Amino acid sequence: MKPEFNNAESMETNNSNLLADHKLVIYQMLVRLFGNTNQTNKHYGSIEENGCGKFNDVTSKALKELKDLGITHVWYTGVIEHATMTDYTSQNIKMDDPDVVKGRAGSPYAIKDYFDVDPDLAVNVRNRMFEFTDLVQRTHANGLKVIIDFIPNHVARHYHSDTGPAAKIDFGANDDISLEFNAANDFYYVSGKNFKVPQSFDPGGIDFHHPLKDGHFDEYPAKATGNNVFSEAPGIYDWFETVKLNYGRDYKTNQNYFTPIPPLWFKMRDILLYWADLDVDGFRCDMAEEVPVEFWSWVIPEIKKQNPLIVFIGEAYDSRKYSSFLITGQFDFLYDKVGLYDGLKKLIRNEHHADVKDITRVWSEESINFPSRMLRFLENHDEERIASNAFAGNPWYAKPAMVVTATLSNGPVMIYFGQEVGEPGSGNAGFAGENSRTTIFDYYGVPEHQKWMNNGAFDGAGLSEDQQYLRGFYRTLLNAVRANDALRQGEFLELSNQQDFSNRNYAFLRFTPEQRVLIVVNFDREKILKSIIQLPDYFLAGLKSKSEVSFTEILTGNTLIVQNILQGIPVEIAETDAWILTF
């Protein structure tokens, strides 16, 4: 009798055919850092001192190498113009007040003009939009698609658009600033108060003191801060450099005013349409769950009228809202951070209470109805680098976790630039301090990534032998999940209660009627996994009559011959290793 399999994949409803036969493999790069060959890395260094990557540095050779790595989509982070301490007034770009800029380069999530690109990224600043559209065309010519950020929850405190459609109305231009809340306003206000620049200083962390700052920023009345701080005095750890946008929700009364449609909704729709018209293939929507789901339910279909295949990825952390944002909000994909990522991180770090039951919980509870619509990753710009001492130290400790991340479902998988060569994210670039992450706030070089980049040759000549093997692992894995039907679009079955398994061992099947793949992973840092994997009777039906069954291990190409399949499949998996057996 056929067992009850997890058939959630076939229960999903989505208005595009993206999930039918295509698995997204996303490569996130911070453009400012990706092509930077400068190795000075001065603390709080200027663009002249530390250098800056450009759109033009993402060459056809670089893109061919990403395609070879198995990538389908490139998420270009930091494209849209944001607040910065760098002076571009000679290029008719208004100077930003350094007191509300994080880092010398500025946060890519403090948007200054939603219709323009970051001048840092252009060789010829006056030609910056053409250099961006050239990058889009170059990406497409190399068989890859383009994702950029859409930051809908907040903008820079000195937002002002001086480009784009002539008929646009700037944020706040028609606001009644005498009202703290008005559904027709773009911002929330703190009546009768002047904005106060954070003055605190944490010697062990954030350094906000800088010669370019004078401790003052003229804003009256003060606007609410991006992370829902409805006060004139946000703290140093708040998103003080940003202003919260008003979609018609009164946070004091917890009431919504969505009829008539608030003016902000139309402005944000027009921004998305502007970038979609420039042939962008998708949007990673920053802090999507901080914006009312009703807005997404309205705006995503509006954009898909222009391009039905455009992709919307929502940054979301509350699993209780997944259903709402996927069904009502009509997102294509959501982050799976608080589910799979958090569980795998504990296993990678070898924490005492880490358990593969966290993986079971993810597929059986949190994302059972939407496994193909969860974006899985082990690194992004917000998270610690795997190779950092604060995370794992050794990037190979993440091998079994990366296999699970890439193969657990049909949904997208993402890596962050430098992850594939073990970049540790070390160094104090400036604002964020030494935090085991690659800076998003300052000009900097990324040392291990630079070894692969090799001054623009993108041939990996500077990598150690171990780094070359690591990148080879990622290449093999990411290409496999695209090419193998069972991994790309198959069903899932957990294999529980296996012989000699501990809480650091996990096994599951991915399968179609024509192809089966057995994945076995060993998170243990000290013990080899020796086991006899028992397949369900249903999977043995077509194998019982065979004198021997041949398995191919995808990661190594090795062959495993099993003489009596009814007695099980013998595996011997080294510490922090994984097998992907196709049969």
# chains A, B, ... in the order shown; residues from 1 in each chain; ligands from 1
$ select_by_dssp --residues "stretch 361-506 of chain A" --states "alpha helix (DSSP H)" --output "MDAnalysis selection string"
chainID A and resid 361 399:407 447:453 465:483 485:489
$ residues_around --residues "A:Asn38" --least-positions-apart "4" --cutoff "8 Å" --atoms "only C-alpha atoms" --output "PyMOL selection string"
chain A and resi 50-52+444-445
$ residues_around --residues "A:Gln567" --least-positions-apart "3" --cutoff "9 Å" --atoms "only C-alpha atoms" --output "PyMOL selection string"
chain A and resi 532-534+563-564+570
$ residues_around --residues "stretch 504-514 of chain A" --least-positions-apart "3" --cutoff "8 Å" --atoms "only C-alpha atoms" --output "ChimeraX atom specification"
/A:347,354-356,408,485-487,489-496,501,517-524,529
$ closest_residue --among "A:Val446, A:Val125, A:Leu326, A:Ala156" --to "A:Leu33" --atoms "only C-alpha atoms"
A:Val446
$ closest_residue --among "A:Tyr443, A:Tyr237, A:Phe258, A:Tyr317" --to "A:Tyr44" --atoms "only C-alpha atoms"
A:Tyr443
$ select_by_dssp --residues "stretch 342-521 of chain A" --states "strand (DSSP E or B)" --output "number ranges by chain"
A: 374-377, 413-416, 491-494, 505-511, 516-521
$ write_last_selection --atoms "N, CA, C and O atoms" --output "mmCIF file, in the first residue's frame"
data_model
loop_
_atom_site.group_PDB
_atom_site.id
_atom_site.type_symbol
_atom_site.label_atom_id
_atom_site.label_comp_id
_atom_site.auth_asym_id
_atom_site.auth_seq_id
_atom_site.Cartn_x
_atom_site.Cartn_y
_atom_site.Cartn_z
ATOM 1 N N MET A 374 9.199 29.019 -0.096
ATOM 2 C CA MET A 374 10.082 29.524 0.949
ATOM 3 C C MET A 374 11.503 29.624 0.407
ATOM 4 O O MET A 374 12.046 28.656 -0.128
ATOM 5 N N LEU A 375 12.098 30.803 0.507
ATOM 6 C CA LEU A 375 13.471 31.033 0.069
ATOM 7 C C LEU A 375 14.420 30.604 1.175
ATOM 8 O O LEU A 375 14.376 31.136 2.286
ATOM 9 N N ARG A 376 15.293 29.638 0.854
ATOM 10 C CA ARG A 376 16.229 29.099 1.853
ATOM 11 C C ARG A 376 17.632 29.654 1.617
ATOM 12 O O ARG A 376 18.057 29.864 0.480
ATOM 13 N N PHE A 377 18.371 29.865 2.691
ATOM 14 C CA PHE A 377 19.732 30.422 2.621
ATOM 15 C C PHE A 377 20.470 30.126 3.917
ATOM 16 O O PHE A 377 19.853 29.805 4.942
ATOM 17 N N VAL A 413 16.824 28.724 -3.589
ATOM 18 C CA VAL A 413 17.965 28.689 -2.675
ATOM 19 C C VAL A 413 18.839 29.886 -3.021
ATOM 20 O O VAL A 413 18.937 30.278 -4.187
ATOM 21 N N MET A 414 19.471 30.469 -2.017
ATOM 22 C CA MET A 414 20.274 31.666 -2.233
ATOM 23 C C MET A 414 21.611 31.552 -1.517
ATOM 24 O O MET A 414 21.695 30.997 -0.421
ATOM 25 N N ILE A 415 22.658 32.079 -2.155
ATOM 26 C CA ILE A 415 23.941 32.255 -1.481
ATOM 27 C C ILE A 415 24.345 33.720 -1.583
ATOM 28 O O ILE A 415 23.867 34.456 -2.457
ATOM 29 N N TYR A 416 25.222 34.139 -0.688
ATOM 30 C CA TYR A 416 25.693 35.518 -0.612
ATOM 31 C C TYR A 416 27.124 35.575 -1.123
ATOM 32 O O TYR A 416 27.936 34.707 -0.786
ATOM 33 N N GLU A 491 8.627 15.316 -5.119
ATOM 34 C CA GLU A 491 7.982 15.281 -3.801
ATOM 35 C C GLU A 491 9.029 14.968 -2.732
ATOM 36 O O GLU A 491 10.178 14.638 -3.031
ATOM 37 N N PHE A 492 8.590 15.048 -1.479
ATOM 38 C CA PHE A 492 9.484 14.915 -0.324
ATOM 39 C C PHE A 492 8.957 13.845 0.614
ATOM 40 O O PHE A 492 7.752 13.740 0.848
ATOM 41 N N LEU A 493 9.880 13.049 1.170
ATOM 42 C CA LEU A 493 9.512 12.086 2.212
ATOM 43 C C LEU A 493 10.656 11.975 3.206
ATOM 44 O O LEU A 493 11.783 11.625 2.834
ATOM 45 N N GLU A 494 10.391 12.285 4.447
ATOM 46 C CA GLU A 494 11.402 12.133 5.495
ATOM 47 C C GLU A 494 11.567 10.656 5.833
ATOM 48 O O GLU A 494 10.587 9.915 5.908
ATOM 49 N N ASN A 505 21.879 13.447 12.754
ATOM 50 C CA ASN A 505 21.803 12.765 11.459
ATOM 51 C C ASN A 505 20.392 12.899 10.886
ATOM 52 O O ASN A 505 19.404 12.838 11.635
ATOM 53 N N TYR A 506 20.327 13.035 9.571
ATOM 54 C CA TYR A 506 19.024 13.251 8.941
ATOM 55 C C TYR A 506 19.037 12.654 7.546
ATOM 56 O O TYR A 506 20.061 12.679 6.847
ATOM 57 N N ALA A 507 17.876 12.113 7.123
ATOM 58 C CA ALA A 507 17.762 11.517 5.798
ATOM 59 C C ALA A 507 16.374 11.757 5.238
ATOM 60 O O ALA A 507 15.376 11.774 5.981
ATOM 61 N N PHE A 508 16.316 11.950 3.931
ATOM 62 C CA PHE A 508 15.017 12.108 3.281
ATOM 63 C C PHE A 508 15.143 11.751 1.806
ATOM 64 O O PHE A 508 16.247 11.641 1.255
ATOM 65 N N LEU A 509 13.984 11.546 1.183
ATOM 66 C CA LEU A 509 13.907 11.236 -0.234
ATOM 67 C C LEU A 509 13.265 12.401 -0.971
ATOM 68 O O LEU A 509 12.343 13.041 -0.472
ATOM 69 N N ARG A 510 13.756 12.665 -2.185
ATOM 70 C CA ARG A 510 13.073 13.531 -3.148
ATOM 71 C C ARG A 510 12.814 12.656 -4.370
ATOM 72 O O ARG A 510 13.710 11.932 -4.817
ATOM 73 N N PHE A 511 11.607 12.735 -4.926
ATOM 74 C CA PHE A 511 11.294 11.759 -5.967
ATOM 75 C C PHE A 511 10.227 12.259 -6.939
ATOM 76 O O PHE A 511 9.361 13.058 -6.600
ATOM 77 N N ARG A 516 14.584 9.079 -8.353
ATOM 78 C CA ARG A 516 14.596 9.146 -6.893
ATOM 79 C C ARG A 516 15.974 9.606 -6.426
ATOM 80 O O ARG A 516 17.001 9.222 -6.996
ATOM 81 N N VAL A 517 15.985 10.408 -5.382
ATOM 82 C CA VAL A 517 17.236 10.866 -4.789
ATOM 83 C C VAL A 517 17.142 10.683 -3.282
ATOM 84 O O VAL A 517 16.157 11.091 -2.650
ATOM 85 N N LEU A 518 18.175 10.066 -2.724
ATOM 86 C CA LEU A 518 18.282 9.868 -1.282
ATOM 87 C C LEU A 518 19.332 10.842 -0.744
ATOM 88 O O LEU A 518 20.475 10.853 -1.212
ATOM 89 N N ILE A 519 18.944 11.658 0.206
ATOM 90 C CA ILE A 519 19.868 12.612 0.824
ATOM 91 C C ILE A 519 20.092 12.190 2.272
ATOM 92 O O ILE A 519 19.128 11.997 3.026
ATOM 93 N N VAL A 520 21.358 12.020 2.652
ATOM 94 C CA VAL A 520 21.716 11.662 4.024
ATOM 95 C C VAL A 520 22.789 12.638 4.488
ATOM 96 O O VAL A 520 23.807 12.828 3.807
ATOM 97 N N VAL A 521 22.571 13.268 5.645
ATOM 98 C CA VAL A 521 23.531 14.269 6.126
ATOM 99 C C VAL A 521 23.955 13.952 7.554
ATOM 100 O O VAL A 521 23.180 13.407 8.359
#
$ closest_atom_pairs --of "stretch 149-188 of chain A" --to "stretch 275-285 of chain A" --cutoff "9 Å" --atoms "only C-alpha atoms" --output "JSON lines"
{"residue": "A:Asp149", "atom": "CA", "partner": "A:Arg284", "partner_atom": "CA", "distance": 4.8}
{"residue": "A:Phe150", "atom": "CA", "partner": "A:Cys285", "partner_atom": "CA", "distance": 4.8}
{"residue": "A:Ile151", "atom": "CA", "partner": "A:Cys285", "partner_atom": "CA", "distance": 6.0}
{"residue": "A:Pro152", "atom": "CA", "partner": "A:Cys285", "partner_atom": "CA", "distance": 7.1}
$ residues_around --residues "stretch 89-95 of chain A" --least-positions-apart "6" --cutoff "10 Å" --atoms "only C-alpha atoms" --output "list in words"
Ala83, Lys112, Pro119, Val125, Arg126, His158, His160, Ser161 and Asp162 of chain A
$ write_last_selection --atoms "N, CA, C and O atoms" --output "PDB file, in the first residue's frame"
ATOM      1  N   ALA A  83      21.131  57.458   0.882  1.00  0.00           N
ATOM      2  CA  ALA A  83      21.880  58.506   1.576  1.00  0.00           C
ATOM      3  C   ALA A  83      23.336  58.093   1.759  1.00  0.00           C
ATOM      4  O   ALA A  83      23.629  56.920   1.995  1.00  0.00           O
ATOM      5  N   LYS A 112      17.182  57.474  -0.970  1.00  0.00           N
ATOM      6  CA  LYS A 112      17.171  58.930  -1.148  1.00  0.00           C
ATOM      7  C   LYS A 112      16.364  59.339  -2.375  1.00  0.00           C
ATOM      8  O   LYS A 112      15.761  60.407  -2.402  1.00  0.00           O
ATOM      9  N   PRO A 119      25.047  56.803  -7.234  1.00  0.00           N
ATOM     10  CA  PRO A 119      26.162  57.345  -8.030  1.00  0.00           C
ATOM     11  C   PRO A 119      27.497  56.676  -7.745  1.00  0.00           C
ATOM     12  O   PRO A 119      28.392  56.680  -8.596  1.00  0.00           O
ATOM     13  N   VAL A 125      29.291  59.394 -13.441  1.00  0.00           N
ATOM     14  CA  VAL A 125      28.114  59.613 -12.607  1.00  0.00           C
ATOM     15  C   VAL A 125      26.939  60.137 -13.423  1.00  0.00           C
ATOM     16  O   VAL A 125      25.788  59.742 -13.201  1.00  0.00           O
ATOM     17  N   ARG A 126      27.192  61.011 -14.353  1.00  0.00           N
ATOM     18  CA  ARG A 126      26.105  61.558 -15.168  1.00  0.00           C
ATOM     19  C   ARG A 126      25.486  60.488 -16.078  1.00  0.00           C
ATOM     20  O   ARG A 126      24.363  60.652 -16.561  1.00  0.00           O
ATOM     21  N   HIS A 158      16.210  62.494   4.396  1.00  0.00           N
ATOM     22  CA  HIS A 158      16.252  63.604   3.447  1.00  0.00           C
ATOM     23  C   HIS A 158      15.903  63.107   2.054  1.00  0.00           C
ATOM     24  O   HIS A 158      16.585  63.429   1.079  1.00  0.00           O
ATOM     25  N   HIS A 160      14.532  62.965  -1.436  1.00  0.00           N
ATOM     26  CA  HIS A 160      14.114  63.950  -2.441  1.00  0.00           C
ATOM     27  C   HIS A 160      14.459  63.407  -3.809  1.00  0.00           C
ATOM     28  O   HIS A 160      15.617  63.138  -4.110  1.00  0.00           O
ATOM     29  N   SER A 161      13.440  63.219  -4.642  1.00  0.00           N
ATOM     30  CA  SER A 161      13.665  62.682  -5.976  1.00  0.00           C
ATOM     31  C   SER A 161      13.858  63.811  -6.975  1.00  0.00           C
ATOM     32  O   SER A 161      13.000  64.688  -7.114  1.00  0.00           O
ATOM     33  N   ASP A 162      15.009  63.783  -7.653  1.00  0.00           N
ATOM     34  CA  ASP A 162      15.276  64.788  -8.681  1.00  0.00           C
ATOM     35  C   ASP A 162      15.392  64.162 -10.063  1.00  0.00           C
ATOM     36  O   ASP A 162      15.889  64.773 -11.002  1.00  0.00           O
TER      37      ASP A 162
END
$ closest_residue --among "A:Met402, A:Ile440, A:Ala432, A:Leu264" --to "A:Asp170" --atoms "only C-alpha atoms"
A:Leu264
$ residues_around --residues "A:His216" --least-positions-apart "5" --cutoff "10 Å" --atoms "only C-alpha atoms" --output "NGL selection string"
:A and (97-100 or 195-199)
$ residues_around --residues "stretch 288-293 of chain A" --least-positions-apart "5" --cutoff "6 Å" --atoms "only C-alpha atoms" --output "list in words"
Gly314, Glu315, Ala316 and Gly329 of chain A
$ write_last_selection --atoms "all heavy atoms" --output "compact mmCIF listing (two decimals), in the first residue's frame"
# COMPACT_ATOMS: atom_id res chain seq x y z
N GLY A 314 9.42 38.27 -0.42
CA GLY A 314 9.17 39.07 0.78
C GLY A 314 10.09 38.68 1.92
O GLY A 314 10.22 37.50 2.26
N GLU A 315 10.74 39.69 2.51
CA GLU A 315 11.50 39.46 3.74
C GLU A 315 10.50 39.39 4.89
O GLU A 315 9.86 40.39 5.22
CB GLU A 315 12.51 40.57 3.98
CG GLU A 315 13.33 40.38 5.24
CD GLU A 315 14.21 41.58 5.59
OE1 GLU A 315 13.97 42.67 5.05
OE2 GLU A 315 15.12 41.40 6.42
N ALA A 316 10.33 38.22 5.48
CA ALA A 316 9.33 38.01 6.53
C ALA A 316 9.91 37.10 7.60
O ALA A 316 10.67 36.18 7.31
CB ALA A 316 8.07 37.40 5.94
N GLY A 329 -1.54 38.32 0.13
CA GLY A 329 -0.56 39.26 -0.38
C GLY A 329 0.00 38.91 -1.74
O GLY A 329 0.56 39.76 -2.43
$ closest_atom_pairs --of "stretch 3-115 of chain A" --to "stretch 454-464 of chain A" --cutoff "9 Å" --atoms "only C-alpha atoms" --output "CSV"
residue,atom,partner,partner_atom,distance
A:Gly35,CA,A:Gly456,CA,7.3
A:Asn36,CA,A:Asn455,CA,8.5
A:Thr37,CA,A:Asn455,CA,5.8
A:Asp57,CA,A:Gly456,CA,7.2
A:Val58,CA,A:Gly456,CA,8.7
A:Thr59,CA,A:Gly456,CA,8.2
A:Lys61,CA,A:Phe458,CA,6.8
A:Ala62,CA,A:Phe458,CA,5.7
A:Glu65,CA,A:Phe458,CA,7.3
$ write_last_selection --atoms "N, CA and C atoms" --output "PDB file, in the first residue's frame"
ATOM      1  N   GLY A  35      32.807  44.261  -7.006  1.00  0.00           N
ATOM      2  CA  GLY A  35      33.876  44.486  -7.964  1.00  0.00           C
ATOM      3  C   GLY A  35      35.029  45.317  -7.446  1.00  0.00           C
ATOM      4  N   ASN A  36      35.049  45.588  -6.141  1.00  0.00           N
ATOM      5  CA  ASN A  36      36.101  46.442  -5.581  1.00  0.00           C
ATOM      6  C   ASN A  36      37.390  45.647  -5.398  1.00  0.00           C
ATOM      7  N   THR A  37      38.455  46.070  -6.082  1.00  0.00           N
ATOM      8  CA  THR A  37      39.749  45.394  -5.976  1.00  0.00           C
ATOM      9  C   THR A  37      40.677  46.050  -4.959  1.00  0.00           C
ATOM     10  N   ASP A  57      31.974  46.720 -13.279  1.00  0.00           N
ATOM     11  CA  ASP A  57      32.850  45.651 -12.783  1.00  0.00           C
ATOM     12  C   ASP A  57      32.182  44.287 -12.837  1.00  0.00           C
ATOM     13  N   VAL A  58      30.860  44.275 -12.938  1.00  0.00           N
ATOM     14  CA  VAL A  58      30.146  43.001 -13.077  1.00  0.00           C
ATOM     15  C   VAL A  58      30.150  42.683 -14.570  1.00  0.00           C
ATOM     16  N   THR A  59      31.263  42.158 -15.008  1.00  0.00           N
ATOM     17  CA  THR A  59      31.521  41.942 -16.426  1.00  0.00           C
ATOM     18  C   THR A  59      30.838  40.674 -16.934  1.00  0.00           C
ATOM     19  N   LYS A  61      32.408  38.202 -18.081  1.00  0.00           N
ATOM     20  CA  LYS A  61      33.191  37.087 -17.531  1.00  0.00           C
ATOM     21  C   LYS A  61      32.693  36.732 -16.137  1.00  0.00           C
ATOM     22  N   ALA A  62      32.446  37.751 -15.311  1.00  0.00           N
ATOM     23  CA  ALA A  62      31.919  37.495 -13.967  1.00  0.00           C
ATOM     24  C   ALA A  62      30.574  36.793 -14.041  1.00  0.00           C
ATOM     25  N   GLU A  65      30.812  33.181 -15.013  1.00  0.00           N
ATOM     26  CA  GLU A  65      31.246  32.357 -13.881  1.00  0.00           C
ATOM     27  C   GLU A  65      30.093  32.097 -12.914  1.00  0.00           C
TER      28      GLU A  65
END
$ atom_distance --atom1 "atom CA of A:Thr84" --atom2 "atom CA of A:Lys102"
7.9 Å
$ atom_distance --atom1 "atom CA of A:Gln39" --atom2 "atom CA of A:Met85"
20.7 Å
$ closest_residue --among "A:Ile261, A:Val101, A:Leu560, A:Ile359" --to "A:Glu294" --atoms "only C-alpha atoms"
A:Ile261
$ closest_residue --among "A:Thr552, A:Asn428, A:Thr576, A:Ser502" --to "A:Pro400" --atoms "only C-alpha atoms"
A:Thr576
